[in-house]
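*Asks:* Handing over coords-v9.cif, mmCIF, C-alpha atoms.
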```cif
data_run
#
loop_
_atom_site.label_atom_id
_atom_site.label_comp_id
_atom_site.auth_asym_id
_atom_site.auth_seq_id
_atom_site.Cartn_x
_atom_site.Cartn_y
_atom_site.Cartn_z
CA MET A 447 116.62 130.19 80.73
CA ASN A 448 119.25 132.58 82.02
CA ARG A 449 117.84 135.66 80.34
CA GLY A 450 114.86 136.60 78.22
CA LEU A 451 114.70 136.28 74.48
CA VAL A 452 115.47 139.43 72.56
CA LEU A 453 115.10 140.33 68.92
CA HIS A 454 118.79 139.77 68.34
CA ASP A 455 118.44 136.10 69.39
CA TRP A 456 115.60 135.51 66.96
CA VAL A 457 117.52 137.20 64.15
CA VAL A 458 120.63 135.10 64.75
CA ALA A 459 118.56 131.90 65.00
CA GLY A 460 116.65 132.76 61.83
CA ILE A 461 119.85 133.50 59.96
CA ALA A 462 121.34 130.17 61.08
CA VAL A 463 118.27 128.22 59.98
CA ALA A 464 118.11 130.10 56.67
CA ALA A 465 121.82 129.47 56.08
CA GLY A 466 121.30 125.76 56.74
CA ILE A 467 118.39 125.59 54.27
CA ALA A 468 120.34 127.55 51.64
CA ALA A 469 123.37 125.29 52.12
CA GLY A 470 121.10 122.24 51.73
CA LEU A 471 119.64 123.54 48.46
CA LEU A 472 123.09 124.41 47.15
CA LEU A 473 124.40 120.93 48.02
CA ARG A 474 121.41 119.34 46.31
CA VAL A 475 122.10 121.26 43.09
CA LEU A 476 125.80 120.40 43.28
CA LEU A 477 125.10 116.72 43.85
CA ARG A 478 122.61 116.68 40.99
CA TRP A 479 125.40 117.97 38.72
CA LEU A 480 127.74 115.29 40.07
CA GLY A 481 125.08 112.65 39.44
CA LYS A 482 124.96 113.52 35.73
CA HIS A 483 128.71 112.98 35.46
CA ALA A 484 128.55 109.80 37.55
CA ARG A 485 126.06 108.24 35.14
CA ARG A 486 128.63 108.55 32.36
CA THR A 487 131.02 106.18 34.11
CA ARG A 488 130.86 102.40 33.79
CA TRP A 489 130.94 101.78 37.56
CA THR A 490 127.48 101.91 39.10
CA GLY A 491 128.80 102.43 42.63
CA ASP A 492 129.38 106.16 42.12
CA ASP A 493 125.76 106.58 41.01
CA ILE A 494 124.58 104.93 44.24
CA ILE A 495 126.85 107.04 46.44
CA VAL A 496 125.95 110.35 44.80
CA ASP A 497 122.24 109.48 44.91
CA ALA A 498 122.50 108.71 48.63
CA LEU A 499 124.43 111.93 49.33
CA ARG A 500 121.65 113.89 47.64
CA THR A 501 119.44 112.75 50.52
CA ILE A 502 121.75 113.07 53.51
CA ALA A 503 123.73 116.21 52.64
CA PRO A 504 120.80 118.69 52.46
CA TRP A 505 119.25 117.27 55.64
CA ALA A 506 122.61 117.42 57.42
CA ALA A 507 122.95 121.08 56.45
CA VAL A 508 119.45 121.89 57.74
CA ILE A 509 120.10 120.01 61.01
CA ALA A 510 123.43 121.83 61.42
CA GLY A 511 121.72 125.20 60.89
CA THR A 512 119.04 124.25 63.43
CA GLY A 513 121.74 123.24 65.93
CA VAL A 514 123.50 126.57 65.50
CA ALA A 515 120.19 128.39 65.96
CA ALA A 516 119.49 126.42 69.15
CA SER A 517 122.92 127.26 70.53
CA ALA A 518 122.32 130.96 69.83
CA LEU A 519 119.14 130.98 71.89
CA PRO A 520 119.36 131.40 75.69
CA LEU A 521 118.01 127.91 76.54
CA THR A 522 118.30 126.13 79.85
CA THR A 523 120.77 123.29 80.19
CA ARG A 524 117.99 120.66 80.22
CA VAL A 525 116.24 122.04 77.13
CA ALA A 526 119.53 122.52 75.30
CA GLY A 527 120.46 118.91 76.06
CA ILE A 528 117.12 117.63 74.80
CA VAL A 529 117.44 119.67 71.59
CA ASN A 530 121.01 118.54 70.99
CA HIS A 531 120.20 114.90 71.65
CA SER A 532 117.12 115.04 69.42
CA LEU A 533 119.02 116.64 66.57
CA THR A 534 121.86 114.15 66.98
CA ALA A 535 119.43 111.20 66.98
CA LEU A 536 117.70 112.61 63.89
CA LEU A 537 121.04 112.96 62.12
CA ILE A 538 121.97 109.39 63.12
CA LEU A 539 118.69 108.05 61.72
CA ILE A 540 119.13 109.93 58.43
CA THR A 541 122.72 108.72 58.19
CA THR A 542 121.61 105.16 59.00
CA PHE A 543 118.95 105.01 56.31
CA THR A 544 121.36 106.58 53.83
CA ALA A 545 124.09 104.10 54.72
CA ALA A 546 121.63 101.22 54.40
CA ARG A 547 120.63 102.51 50.99
CA VAL A 548 124.26 102.82 49.87
CA ILE A 549 125.37 99.43 51.18
CA ALA A 550 122.29 97.67 49.80
CA GLY A 551 122.84 99.34 46.43
CA LEU A 552 126.49 98.26 46.37
CA VAL A 553 125.53 94.68 47.23
CA GLN A 554 122.92 94.68 44.47
CA SER A 555 125.43 96.16 42.02
CA LEU A 556 127.93 93.45 42.93
CA ALA A 557 125.30 90.74 42.40
CA GLN A 558 124.39 92.17 39.01
CA SER A 559 128.01 92.41 37.91
CA ARG A 560 128.59 88.74 38.77
CA THR A 561 125.39 87.37 37.22
CA GLY A 562 125.15 89.70 34.24
CA VAL A 563 121.36 90.02 34.47
CA ALA A 564 118.94 92.69 35.59
CA GLY A 565 117.63 90.58 38.45
CA SER A 566 119.54 90.19 41.69
CA ALA A 567 119.67 88.13 44.84
CA THR A 568 117.60 90.44 47.04
CA ILE A 569 118.02 88.15 50.03
CA PHE A 570 121.49 89.60 50.68
CA VAL A 571 120.24 93.11 49.95
CA ASN A 572 117.38 92.79 52.45
CA ILE A 573 119.56 91.23 55.14
CA THR A 574 122.14 94.00 54.73
CA ARG A 575 119.49 96.72 54.90
CA VAL A 576 117.85 95.24 58.02
CA VAL A 577 121.17 94.86 59.87
CA VAL A 578 122.32 98.43 59.14
CA VAL A 579 118.95 99.97 60.05
CA ALA A 580 118.75 97.95 63.28
CA MET A 581 122.22 99.09 64.37
CA GLY A 582 121.41 102.71 63.54
CA VAL A 583 118.12 102.63 65.49
CA LEU A 584 119.86 101.17 68.54
CA VAL A 585 122.52 103.88 68.41
CA ALA A 586 119.84 106.58 68.08
CA LEU A 587 117.94 105.20 71.08
CA GLU A 588 121.12 105.15 73.13
CA THR A 589 121.80 108.76 72.10
CA VAL A 590 118.46 110.04 73.41
CA GLY A 591 118.99 108.22 76.71
CA VAL A 592 117.00 105.01 76.15
CA SER A 593 118.81 101.98 77.53
CA ILE A 594 119.02 99.25 74.92
CA ALA A 595 120.18 96.47 77.27
CA PRO A 596 116.63 95.52 78.40
CA LEU A 597 115.50 95.75 74.78
CA LEU A 598 118.21 93.31 73.65
CA THR A 599 117.30 90.96 76.51
CA ALA A 600 113.63 91.06 75.54
CA LEU A 601 114.54 90.42 71.92
CA GLY A 602 116.68 87.45 72.94
CA VAL A 603 113.88 85.88 74.99
CA GLY A 604 111.20 86.59 72.40
CA GLY A 605 113.41 85.39 69.59
CA LEU A 606 112.84 81.76 70.59
CA ALA A 607 109.05 82.12 70.33
CA VAL A 608 109.39 83.94 67.03
CA ALA A 609 111.69 81.22 65.69
CA LEU A 610 109.18 78.50 66.63
CA ALA A 611 106.32 80.42 65.02
CA LEU A 612 108.26 81.13 61.83
CA GLN A 613 109.89 77.76 61.19
CA ASP A 614 108.93 77.62 57.51
CA THR A 615 109.98 81.22 56.91
CA LEU A 616 113.33 80.74 58.63
CA ALA A 617 113.87 77.45 56.78
CA ASN A 618 113.32 79.23 53.46
CA LEU A 619 115.60 82.08 54.57
CA PHE A 620 118.54 79.83 55.46
CA ALA A 621 117.91 77.66 52.40
CA GLY A 622 118.17 80.75 50.19
CA VAL A 623 121.39 81.82 51.91
CA HIS A 624 122.79 78.31 51.47
CA ILE A 625 121.86 78.21 47.76
CA LEU A 626 123.57 81.52 47.06
CA ALA A 627 126.59 80.80 49.26
CA SER A 628 127.18 77.43 47.59
CA LYS A 629 126.71 79.04 44.14
CA THR A 630 124.62 76.12 42.90
CA VAL A 631 122.06 78.60 41.55
CA GLN A 632 122.57 82.26 40.74
CA PRO A 633 120.24 84.86 39.21
CA GLY A 634 120.36 84.49 35.43
CA ASP A 635 120.82 80.70 35.43
CA TYR A 636 118.46 78.47 33.45
CA ILE A 637 117.28 75.59 35.65
CA ARG A 638 114.88 72.66 35.38
CA LEU A 639 113.44 70.91 38.42
CA SER A 640 112.61 67.22 38.59
CA SER A 641 108.95 68.20 38.99
CA GLY A 642 109.00 69.89 35.55
CA GLU A 643 109.31 73.61 36.34
CA GLU A 644 112.01 75.35 34.32
CA GLY A 645 113.13 78.84 33.34
CA TYR A 646 115.56 81.66 34.11
CA VAL A 647 116.19 82.52 37.76
CA VAL A 648 115.11 86.15 38.16
CA ASP A 649 115.55 86.63 41.89
CA ILE A 650 116.28 84.77 45.12
CA ASN A 651 114.73 86.59 48.07
CA TRP A 652 114.30 85.76 51.74
CA ARG A 653 111.40 83.35 51.16
CA ASN A 654 111.27 82.06 47.58
CA THR A 655 113.00 81.89 44.23
CA VAL A 656 111.39 83.60 41.24
CA VAL A 657 111.80 81.79 37.91
CA ARG A 658 110.68 83.21 34.54
CA ASN A 659 109.85 80.51 32.02
CA LEU A 660 110.07 80.85 28.24
CA SER A 661 106.41 81.90 28.00
CA ASN A 662 107.35 84.95 30.13
CA ASN A 663 105.39 83.78 33.17
CA LEU A 664 106.79 83.79 36.70
CA VAL A 665 107.06 80.57 38.71
CA ILE A 666 107.42 81.05 42.49
CA ILE A 667 109.37 78.24 44.18
CA PRO A 668 110.00 78.17 47.97
CA ASN A 669 113.70 78.13 48.78
CA GLY A 670 113.34 75.07 50.98
CA ARG A 671 111.81 73.06 48.17
CA LEU A 672 114.47 74.25 45.72
CA ALA A 673 117.20 73.11 48.10
CA ARG A 674 115.67 69.63 48.48
CA THR A 675 114.67 68.81 44.90
CA ASN A 676 116.74 67.38 42.06
CA MET A 677 117.64 70.12 39.64
CA THR A 678 119.54 70.58 36.38
CA ASN A 679 121.39 73.86 35.91
CA TYR A 680 121.95 74.47 32.19
CA THR A 681 124.16 77.51 32.82
CA ARG A 682 126.81 75.90 35.04
CA PRO A 683 129.62 75.04 34.86
CA GLU A 684 129.44 76.85 31.50
CA GLN A 685 126.64 78.45 29.53
CA GLU A 686 127.49 76.90 26.16
CA LEU A 687 125.97 73.48 25.55
CA SER A 688 125.45 70.85 22.86
CA ILE A 689 122.05 69.75 21.59
CA LEU A 690 121.11 66.54 19.77
CA VAL A 691 118.85 66.29 16.72
CA GLN A 692 117.65 62.86 15.55
CA VAL A 693 117.53 62.23 11.76
CA GLY A 694 116.94 59.15 9.61
CA VAL A 695 117.60 58.27 5.94
CA GLY A 696 116.60 55.37 3.71
CA TYR A 697 118.58 52.15 3.39
CA ASP A 698 119.41 52.92 -0.23
CA SER A 699 121.25 56.14 0.73
CA ASP A 700 125.01 56.56 0.49
CA LEU A 701 125.96 57.16 4.13
CA GLU A 702 129.23 58.90 3.26
CA HIS A 703 127.30 61.33 1.07
CA VAL A 704 124.68 61.80 3.79
CA GLU A 705 127.34 62.58 6.39
CA ARG A 706 129.13 65.08 4.14
CA VAL A 707 125.92 66.94 3.21
CA THR A 708 124.74 67.03 6.83
CA LEU A 709 128.03 68.46 8.08
CA GLU A 710 127.89 71.19 5.44
CA VAL A 711 124.39 72.17 6.62
CA VAL A 712 125.55 72.21 10.25
CA ASP A 713 128.51 74.47 9.42
CA GLY A 714 126.20 76.87 7.59
CA VAL A 715 123.78 77.04 10.50
CA MET A 716 126.59 77.58 13.02
CA ALA A 717 127.95 80.47 10.95
CA ASP A 718 124.70 82.22 10.03
CA ILE A 719 122.28 81.89 12.97
CA ALA A 720 122.54 84.16 16.01
CA GLY A 721 123.12 82.24 19.22
CA ALA A 722 125.03 79.39 17.54
CA LEU A 723 128.71 78.63 18.07
CA PRO A 724 130.69 79.27 14.87
CA GLY A 725 133.68 77.39 16.25
CA HIS A 726 131.65 74.31 17.15
CA GLU A 727 132.95 71.08 15.62
CA ALA A 728 129.99 69.46 13.87
CA ALA A 729 129.43 65.75 14.43
CA VAL A 730 127.19 63.06 12.89
CA ARG A 731 126.83 59.68 14.58
CA PHE A 732 124.94 56.75 12.97
CA HIS A 733 123.53 54.47 15.63
CA THR A 734 120.43 52.40 14.69
CA PHE A 735 119.13 50.14 11.91
CA ALA A 736 115.45 50.94 12.30
CA ASP A 737 112.45 49.29 10.60
CA SER A 738 112.46 51.51 7.52
CA ARG A 739 115.54 53.75 7.81
CA ILE A 740 118.99 54.24 9.33
CA ASN A 741 118.88 56.66 12.27
CA PHE A 742 121.68 58.99 13.29
CA THR A 743 122.28 61.90 15.66
CA VAL A 744 123.48 65.38 14.69
CA ILE A 745 125.28 67.37 17.42
CA LEU A 746 124.87 71.16 17.34
CA GLY A 747 126.40 73.84 19.56
CA VAL A 748 124.41 76.73 21.10
CA GLY A 749 125.44 79.70 23.18
CA GLU A 750 122.74 79.29 25.83
CA PHE A 751 119.69 77.16 26.52
CA SER A 752 116.91 79.21 24.92
CA ASN A 753 118.81 79.55 21.61
CA GLN A 754 118.40 75.86 20.85
CA TYR A 755 114.81 76.20 19.57
CA ARG A 756 115.69 78.76 16.89
CA ILE A 757 118.79 76.80 15.86
CA LYS A 758 116.86 73.50 15.60
CA HIS A 759 114.20 75.27 13.56
CA GLU A 760 116.69 76.62 11.01
CA PHE A 761 118.71 73.40 10.89
CA ILE A 762 115.70 71.19 10.12
CA LYS A 763 114.49 73.56 7.38
CA ARG A 764 117.89 73.75 5.70
CA LEU A 765 118.56 70.02 6.05
CA HIS A 766 115.20 69.11 4.52
CA ARG A 767 115.76 71.48 1.58
CA ARG A 768 119.29 70.19 1.03
CA TYR A 769 118.24 66.54 1.20
CA ARG A 770 115.57 67.15 -1.43
CA ALA A 771 118.14 68.82 -3.67
CA GLU A 772 120.63 65.96 -3.20
CA GLY A 773 118.01 63.24 -3.71
CA ILE A 774 118.39 61.84 -0.20
CA SER A 775 115.15 60.29 1.01
CA ILE A 776 113.79 60.47 4.55
CA PRO A 777 111.31 57.58 4.55
CA ALA A 778 108.34 57.60 6.81
CA PRO A 779 107.99 54.56 9.09
CA THR A 780 105.98 51.81 7.34
CA ARG A 781 104.53 48.58 8.59
CA THR A 782 102.87 45.75 6.66
CA VAL A 783 99.72 44.40 8.26
CA ALA A 784 98.33 41.01 7.03
CA LEU A 785 94.63 40.47 7.58
CA GLN A 786 93.31 36.85 7.61
CA GLN A 787 89.56 36.24 7.50
CA ASP A 788 88.30 33.08 9.23
CA LEU A 789 85.72 31.17 7.03
CA PRO A 790 82.55 29.91 8.77
CA GLU A 791 82.28 26.19 9.50
CA PRO A 792 80.26 24.18 6.87
CA PRO A 793 76.76 23.11 7.97
CA PRO A 794 76.22 19.45 8.92
CA PRO A 795 75.09 17.15 5.99
CA TYR A 796 71.35 16.89 5.32
CA PRO A 797 70.01 13.55 6.68
CA SER A 798 69.16 10.89 4.00
CA SER A 799 65.85 9.05 3.69
CA SER A 800 67.31 5.92 5.29
CA THR A 801 68.38 7.88 8.31
CA PRO A 802 65.56 8.28 10.79
CA PHE A 803 64.80 11.71 12.17
CA PRO A 804 65.29 12.11 15.83
CA HIS A 805 61.56 12.07 16.48
CA GLN A 806 61.11 8.80 14.61
CA ARG A 807 61.61 5.61 16.58
CA GLU A 808 61.57 2.05 15.35
CA ALA A 809 58.38 0.11 16.33
CA PRO A 810 58.76 -3.07 18.39
CA PRO A 811 58.36 -6.46 16.52
CA SER A 812 55.10 -7.33 18.31
CA ALA A 813 53.45 -4.15 17.06
CA ILE A 814 54.46 -4.97 13.50
CA ALA A 815 52.95 -8.46 13.72
CA ASP A 816 49.62 -7.07 14.99
CA ASN A 817 49.47 -4.60 12.09
CA GLU A 818 50.07 -7.32 9.51
CA ARG A 819 47.15 -9.25 10.81
#
```
For this file, produce the structure as structure tokens.

*Replies:*
Amino acid sequence: MNRGLVLHDWVVAGIAVAAGIAAGLLLRVLLRWLGKHARRTRWTGDDIIVDALRTIAPWAAVIAGTGVAASALPLTTRVAGIVNHSLTALLILITTFTAARVIAGLVQSLAQSRTGVAGSATIFVNITRVVVVAMGVLVALETVGVSIAPLLTALGVGGLAVALALQDTLANLFAGVHILASKTVQPGDYIRLSSGEEGYVVDINWRNTVVRNLSNNLVIIPNGRLARTNMTNYTRPEQELSILVQVGVGYDSDLEHVERVTLEVVDGVMADIAGALPGHEAAVRFHTFADSRINFTVILGVGEFSNQYRIKHEFIKRLHRRYRAEGISIPAPTRTVALQQDLPEPPPPYPSSSTPFPHQREAPPSAIADNER
């Protein structure tokens, strides 16, 4: 300290700090006004930027006022350097976290605009945030005089041990990156695994994939398992799909009449029910002479996978009502069963008087001669 502190120094420093705080409050009010106008636009990026500036701008003004106050005070060179480096590092950290917030928000906005759903692939968002924050922290450490070369060396050596200890986690991480990079699955897709799990993909994060089934429950699937299993994606290459409904009519039905009536019902369902495809070309295909009826397939068009249940419901109701009105029968399967009762075997004939019973034996001739005497 070259000279002692006087009242004038404290007044100048106080004015500088107060000016920085006032400028911060004014910027916050201005940015709040800009945020209201940004929300009226269709692009979500301006909302993210304005929201991030509402954090960094007031703090930057306060730090600038504090720096001016420190320069107005008669500090030694060492203390002034420490104060300047500390304020600079603090500003770098605030800027880093703000930049991470902005970049992560833009990545999330881009993911939402491509998938069209509220969920997002947070794996890219998290990776982006971690990379930006790590770079900002290293720059801040270098600013305050901490050498980052030994830190990077230690991280490189310890990274091998961490990689061995976190094999499953890293496998899921790279599997998730591969799934998103190959675009086989994206948030918003409806998928079904070979093991039976199915639903809408809500999120793909650094460890697992979150799937919401039609009962509104969440199914958590590790990314590694999702990358290895057989899977059907009902959203790609296009979201519209065809569904098959099996119908049967009696052998005495006029098949031309049946086809015409069925196509009329299909056209009505496609035009009236939400989620159907009005431009879908209806089709009826007879294919089997069954035991009691002729079976055929009706092909319907739906906008996306979950709409098929409502469309099937309405189609079956209308088709049943129309068939009853047209006199077309839908016979139930019948089978004739013939029962044959086996009669018991007749008893053996009763032995006659001339037939000796088993316990009777014929007497020898000598015994008969003795009796006659």

*Asks:* Calculated over all atoms listed in the file, which of the candidates A:Arg756, A:Leu472, A:Arg768, A:Ser688 has the smallest distance to Ala729 of chain A?

*Replies:* A:Ser688

*Asks:* Choose the residue, out of A:Val695, A:Ile573, A:Phe751, A:Leu499, that has the smallest atom-to-atom separation from Phe735 of chain A; count all atoms listed in the file.

*Replies:* A:Val695

*Asks:* Let me know the residues the PyMOL selection byres ((chain A and resi 530) around 10) catches in the file above, as an mmCIF file with C-alpha atoms, keeping the file's coordinate frame.

*Replies:*
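Done, and the output landed in result33.cif:
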```
data_model
loop_
_atom_site.group_PDB
_atom_site.id
_atom_site.type_symbol
_atom_site.label_atom_id
_atom_site.label_comp_id
_atom_site.auth_asym_id
_atom_site.auth_seq_id
_atom_site.Cartn_x
_atom_site.Cartn_y
_atom_site.Cartn_z
ATOM 1 C CA THR A 512 119.040 124.250 63.430
ATOM 2 C CA GLY A 513 121.740 123.240 65.930
ATOM 3 C CA ALA A 516 119.490 126.420 69.150
ATOM 4 C CA SER A 517 122.920 127.260 70.530
ATOM 5 C CA ARG A 524 117.990 120.660 80.220
ATOM 6 C CA VAL A 525 116.240 122.040 77.130
ATOM 7 C CA ALA A 526 119.530 122.520 75.300
ATOM 8 C CA GLY A 527 120.460 118.910 76.060
ATOM 9 C CA ILE A 528 117.120 117.630 74.800
ATOM 10 C CA VAL A 529 117.440 119.670 71.590
ATOM 11 C CA HIS A 531 120.200 114.900 71.650
ATOM 12 C CA SER A 532 117.120 115.040 69.420
ATOM 13 C CA LEU A 533 119.020 116.640 66.570
ATOM 14 C CA THR A 534 121.860 114.150 66.980
ATOM 15 C CA ALA A 535 119.430 111.200 66.980
ATOM 16 C CA LEU A 536 117.700 112.610 63.890
ATOM 17 C CA THR A 589 121.800 108.760 72.100
ATOM 18 C CA VAL A 590 118.460 110.040 73.410
#
```

*Asks:* If we count only C-alpha atoms, what is near Gly721 of chain A at a cut-off of 7 Å, once residues fewer than 2 positions away on the same chain are taken out, given as a ChimeraX atom specification?

*Replies:* /A:719,723,748-749,753

*Asks:* For the residues in the current selection, export C-alpha atoms as an mmCIF file, in the frame of the given file.

*Replies:*
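Contents of the output file part_24.cif:
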```
data_model
loop_
_atom_site.group_PDB
_atom_site.id
_atom_site.type_symbol
_atom_site.label_atom_id
_atom_site.label_comp_id
_atom_site.auth_asym_id
_atom_site.auth_seq_id
_atom_site.Cartn_x
_atom_site.Cartn_y
_atom_site.Cartn_z
ATOM 1 C CA ILE A 719 122.280 81.890 12.970
ATOM 2 C CA LEU A 723 128.710 78.630 18.070
ATOM 3 C CA VAL A 748 124.410 76.730 21.100
ATOM 4 C CA GLY A 749 125.440 79.700 23.180
ATOM 5 C CA ASN A 753 118.810 79.550 21.610
#
```

*Asks:* I need the residue nearest Leu664 of chain A from this list: A:Glu643, A:Glu750, A:Asp614, A:Glu772. Use only C-alpha atoms for the distance.

*Replies:*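 The answer is A:Glu643, which sits nearest to Leu664 of chain A.
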
*Asks:* Kindly give the distance, in Å, that separates atom CA of Pro520 of chain A and atom CA of Ala507 of chain A, rounded to a single decimal.

*Replies:*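 Here the two named atoms are 22.1 Å from each other.
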
*Asks:* Neighbours of segment 647-663 of chain A within 10 Å (only C-alpha atoms; same-chain residues fewer than 2 positions away dropped), as a PyMOL selection string?

*Replies:* chain A and resi 563-573+614-623+625-626+631-638+643-645+665-672+752

*Asks:* Atom CA of Ile549 of chain A and atom CA of Val496 of chain A are how many Å apart?

*Replies:*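 Result for atom CA of Ile549 of chain A versus atom CA of Val496 of chain A: 12.7 Å, one decimal.
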
*Asks:* Need to verify the contact set: His766 of chain A, 10 Å, all atoms listed in the file, exclusion of same-chain residues closer than 5 positions in sequence. Can you return it as number ranges by chain?

*Replies:* A: 711, 761, 771-772, 774-776
